[in-house]
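Engineer: Got a structure for you, questions after.
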Amino acid sequence: MHPFSYTRVSDTREALNAGHRGGRYIAGGTTLVDLMRETVERPETLVDITGLPLSEITVTERGGLRIGALVTMSEAAAHAKVRTLYPVISQALELSASAQLRNMATIGGNIMQRTRCTYFRDVTAACNKREPGSGCAALQGFNRSHAILGTSGHCVATHPSDVAVAFAALEAQVRLLGPDGERQVAFADFLLRPGSTPDREQALQRGELITAVEVPALPRPLRSGYLKVRDRQSYEFALTSAAVALHVRGGLIREARVAAGGVGTVPWKLPAVEQHLLGERPSEALWADAAERAADGARPLQHNRFKTELLKRTVERQLRIVGGTK
């Protein structure tokens, strides 16, 4: 680990000043500290923001949810309003990491976490995300766990967050605070596809701080849930996952929100699946037909071709569960 300085801030203005000077924000530290140990990350200054007033969960005026950036994963998963209004969020969080990590890791840190690609974390391997222009060892390497959607010739790494898939499905907004004031960014625009600049992962300006994730109010009744397929049941990242939220009224699907994880370079919204569901009556045949569209545009690699079919099956299974026809 390389030498670094550490400062603890007590208000947002102090945090922003330190961030604008190049400091890296840290709260639970469950990802950043690991990357520093492995010398993947080498920040000169860490800015401890755990003392900032960003640890509340509130219901918005319109009936949505605002989850503070410093709310821990465990706190968010257990919160009564989260469990009642958006079970998909609670389920995604409870299927993430170990209990010890969930007690430390924050919502803001979770959506900022970096890929678990083994080549990214091996400083001897070529990785455009870690060292722009060095190449991507995963393209010709062992790429079973890598992305089949949103890839480029520069990067095929998946985004590892489970709750980010739920936020993507629900079309959440990320609330940011920077030197120029506050702004909101749609979750779909916050996490960036690799393109030719895989080292730029979020739509953040220098020194900006995540203050909250805001989930919009959705029509009720709303059924939602998260399904994760992985190699083992405990503490493992997704091979595929599906976040689904359905509003059914008068026997017809009026709203459908669907996203996938484990298969994309970012949490992957599935608009073709959603459009196929709208105005239809829930049925086994409908789920199967809709799920066929889940892998539209997929570009499998040598070792992960199985993900195309697995993604379809995962989406179909979760549509059945949430739609009540399993």
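Following the order of the structure tokens, first chain is A, next is B, and so on, with residues numbered from 1 inside each chain and ligands from 1 in the order they appear.
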Going by DSSP on the backbone, which bits of region 19-69 of chain A are alpha helix (DSSP H)? Write them as a PyMOL selection string, please.

Structural biologist: chain A and resi 19-20+32-37

Engineer: Give me the residues near region 217-234 of chain A as a PDB file with N, CA, C and O atoms, in the first residue's frame, where near means some atom within 6 Å (using only C-alpha atoms) and where sequence neighbours in that chain fewer than 6 positions away do not count.

Structural biologist:
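Contents of around.pdb, as written:
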```pdb
ATOM      1  N   GLY A  63     -44.521  10.345  -2.637  1.00  0.00           N
ATOM      2  CA  GLY A  63     -44.638   8.946  -2.247  1.00  0.00           C
ATOM      3  C   GLY A  63     -43.503   8.055  -2.685  1.00  0.00           C
ATOM      4  O   GLY A  63     -43.610   6.826  -2.584  1.00  0.00           O
ATOM      5  N   GLY A  64     -42.421   8.649  -3.160  1.00  0.00           N
ATOM      6  CA  GLY A  64     -41.229   7.875  -3.480  1.00  0.00           C
ATOM      7  C   GLY A  64     -40.337   7.759  -2.254  1.00  0.00           C
ATOM      8  O   GLY A  64     -40.747   8.060  -1.130  1.00  0.00           O
ATOM      9  N   PRO A  87     -39.882  -3.883  -2.256  1.00  0.00           N
ATOM     10  CA  PRO A  87     -39.181  -5.104  -1.820  1.00  0.00           C
ATOM     11  C   PRO A  87     -37.984  -5.460  -2.695  1.00  0.00           C
ATOM     12  O   PRO A  87     -37.030  -6.070  -2.219  1.00  0.00           O
ATOM     13  N   VAL A  88     -38.021  -5.067  -3.975  1.00  0.00           N
ATOM     14  CA  VAL A  88     -36.911  -5.372  -4.871  1.00  0.00           C
ATOM     15  C   VAL A  88     -35.597  -4.798  -4.348  1.00  0.00           C
ATOM     16  O   VAL A  88     -34.532  -5.413  -4.504  1.00  0.00           O
ATOM     17  N   GLN A  91     -34.512  -6.975  -1.225  1.00  0.00           N
ATOM     18  CA  GLN A  91     -34.033  -8.285  -1.662  1.00  0.00           C
ATOM     19  C   GLN A  91     -32.668  -8.192  -2.318  1.00  0.00           C
ATOM     20  O   GLN A  91     -31.788  -9.033  -2.083  1.00  0.00           O
ATOM     21  N   ALA A  92     -32.469  -7.178  -3.156  1.00  0.00           N
ATOM     22  CA  ALA A  92     -31.169  -7.013  -3.814  1.00  0.00           C
ATOM     23  C   ALA A  92     -30.065  -6.790  -2.788  1.00  0.00           C
ATOM     24  O   ALA A  92     -28.964  -7.334  -2.908  1.00  0.00           O
ATOM     25  N   THR A 240     -26.166 -14.002 -13.526  1.00  0.00           N
ATOM     26  CA  THR A 240     -27.253 -13.179 -14.059  1.00  0.00           C
ATOM     27  C   THR A 240     -28.160 -12.808 -12.898  1.00  0.00           C
ATOM     28  O   THR A 240     -28.177 -13.488 -11.859  1.00  0.00           O
ATOM     29  N   SER A 241     -28.913 -11.735 -13.058  1.00  0.00           N
ATOM     30  CA  SER A 241     -29.920 -11.365 -12.066  1.00  0.00           C
ATOM     31  C   SER A 241     -31.010 -10.585 -12.774  1.00  0.00           C
ATOM     32  O   SER A 241     -30.818 -10.080 -13.890  1.00  0.00           O
ATOM     33  N   ALA A 242     -32.164 -10.486 -12.119  1.00  0.00           N
ATOM     34  CA  ALA A 242     -33.286  -9.754 -12.701  1.00  0.00           C
ATOM     35  C   ALA A 242     -34.041  -9.006 -11.606  1.00  0.00           C
ATOM     36  O   ALA A 242     -34.395  -9.594 -10.584  1.00  0.00           O
ATOM     37  N   ALA A 243     -34.253  -7.716 -11.836  1.00  0.00           N
ATOM     38  CA  ALA A 243     -35.092  -6.883 -10.968  1.00  0.00           C
ATOM     39  C   ALA A 243     -36.362  -6.559 -11.740  1.00  0.00           C
ATOM     40  O   ALA A 243     -36.291  -6.046 -12.866  1.00  0.00           O
ATOM     41  N   VAL A 244     -37.509  -6.870 -11.145  1.00  0.00           N
ATOM     42  CA  VAL A 244     -38.791  -6.704 -11.824  1.00  0.00           C
ATOM     43  C   VAL A 244     -39.767  -5.971 -10.917  1.00  0.00           C
ATOM     44  O   VAL A 244     -39.862  -6.270  -9.725  1.00  0.00           O
ATOM     45  N   ALA A 245     -40.497  -5.008 -11.478  1.00  0.00           N
ATOM     46  CA  ALA A 245     -41.592  -4.333 -10.775  1.00  0.00           C
ATOM     47  C   ALA A 245     -42.773  -4.229 -11.744  1.00  0.00           C
ATOM     48  O   ALA A 245     -42.618  -3.734 -12.866  1.00  0.00           O
ATOM     49  N   LEU A 246     -43.936  -4.716 -11.308  1.00  0.00           N
ATOM     50  CA  LEU A 246     -45.122  -4.737 -12.158  1.00  0.00           C
ATOM     51  C   LEU A 246     -46.310  -4.081 -11.459  1.00  0.00           C
ATOM     52  O   LEU A 246     -46.563  -4.338 -10.279  1.00  0.00           O
ATOM     53  N   HIS A 247     -47.014  -3.245 -12.191  1.00  0.00           N
ATOM     54  CA  HIS A 247     -48.288  -2.670 -11.737  1.00  0.00           C
ATOM     55  C   HIS A 247     -49.386  -3.287 -12.589  1.00  0.00           C
ATOM     56  O   HIS A 247     -49.451  -3.060 -13.802  1.00  0.00           O
ATOM     57  N   VAL A 322     -42.921 -12.493  -9.676  1.00  0.00           N
ATOM     58  CA  VAL A 322     -43.531 -11.190  -9.374  1.00  0.00           C
ATOM     59  C   VAL A 322     -44.962 -11.116  -9.940  1.00  0.00           C
ATOM     60  O   VAL A 322     -45.859 -10.562  -9.306  1.00  0.00           O
TER      61      VAL A 322
END
```

Engineer: State, in Å with one decimal place, the distance from CA of Pro3 (chain A) to CA of Pro179 (chain A).

Structural biologist: 27.6 Å

Engineer: Considering only C-alpha atoms, return as a count of residues only whatever protein or nucleic-acid residues lie within 9 Å of Arg293 (chain A), sequence-local ones (same chain, fewer than 2 positions apart) excluded.

Structural biologist: 10

Engineer: Give me the residues within 12 Å of Phe167 (chain A) as a PyMOL selection string, counting only C-alpha atoms and dropping any in the same chain fewer than 2 places off.

Structural biologist: chain A and resi 65-67+86-90+92-93+107+110-111+161-165+169-174+186-191+213-216+224-226+242-245+257-261+266-269

Engineer: Considering only C-alpha atoms, state which residue in the set A:Gln140, A:Thr60, A:Thr211, A:Asn304 is at the smallest distance from Tyr119 (chain A).

Structural biologist: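 Of A:Gln140, A:Thr60, A:Thr211, A:Asn304, the one nearest Tyr119 (chain A) is A:Gln140, counting only C-alpha atoms.
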
Engineer: For region 50-56 of chain A, work out the shell of residues within 7 Å, counting only C-alpha atoms and skipping chain neighbours fewer than 5 positions away, then give it as a CSV table (one decimal) with N, CA, C and O atoms, in the first residue's frame.

Structural biologist:
```
chain,number,residue,atom,x,y,z
A,9,VAL,N,-14.0,15.0,7.7
A,9,VAL,CA,-14.7,16.2,7.5
A,9,VAL,C,-16.0,16.2,8.3
A,9,VAL,O,-16.6,15.1,8.6
A,10,SER,N,-16.5,17.3,8.7
A,10,SER,CA,-17.7,17.4,9.6
A,10,SER,C,-18.8,18.1,8.9
A,10,SER,O,-19.9,18.1,9.4
A,11,ASP,N,-18.6,18.7,7.7
A,11,ASP,CA,-19.7,19.3,7.0
A,11,ASP,C,-19.5,19.2,5.5
A,11,ASP,O,-18.4,18.9,5.0
A,12,THR,N,-20.6,19.3,4.7
A,12,THR,CA,-20.5,19.1,3.3
A,12,THR,C,-19.6,20.1,2.6
A,12,THR,O,-18.9,19.7,1.6
A,27,ALA,N,-16.2,6.1,3.1
A,27,ALA,CA,-17.2,5.9,4.2
A,27,ALA,C,-16.9,4.5,4.8
A,27,ALA,O,-16.0,4.3,5.6
A,67,ILE,N,-33.1,7.8,-0.2
A,67,ILE,CA,-32.1,7.0,0.6
A,67,ILE,C,-30.8,7.7,0.7
A,67,ILE,O,-30.1,7.9,-0.4
A,68,GLY,N,-30.4,8.2,1.8
A,68,GLY,CA,-29.2,8.9,2.0
A,68,GLY,C,-28.0,8.1,1.6
A,68,GLY,O,-27.9,6.9,1.8
A,69,ALA,N,-27.0,8.8,1.1
A,69,ALA,CA,-25.8,8.1,0.6
A,69,ALA,C,-25.0,7.3,1.6
A,69,ALA,O,-24.4,6.3,1.3
A,70,LEU,N,-25.2,7.7,2.9
A,70,LEU,CA,-24.4,7.1,4.0
A,70,LEU,C,-25.3,6.1,4.8
A,70,LEU,O,-24.8,5.5,5.8
A,71,VAL,N,-26.5,5.8,4.3
A,71,VAL,CA,-27.3,4.7,4.9
A,71,VAL,C,-26.5,3.4,4.5
A,71,VAL,O,-26.1,3.2,3.4
A,211,THR,N,-25.2,12.5,-2.5
A,211,THR,CA,-26.0,12.8,-1.2
A,211,THR,C,-27.1,11.8,-1.0
A,211,THR,O,-27.4,11.5,0.1
```
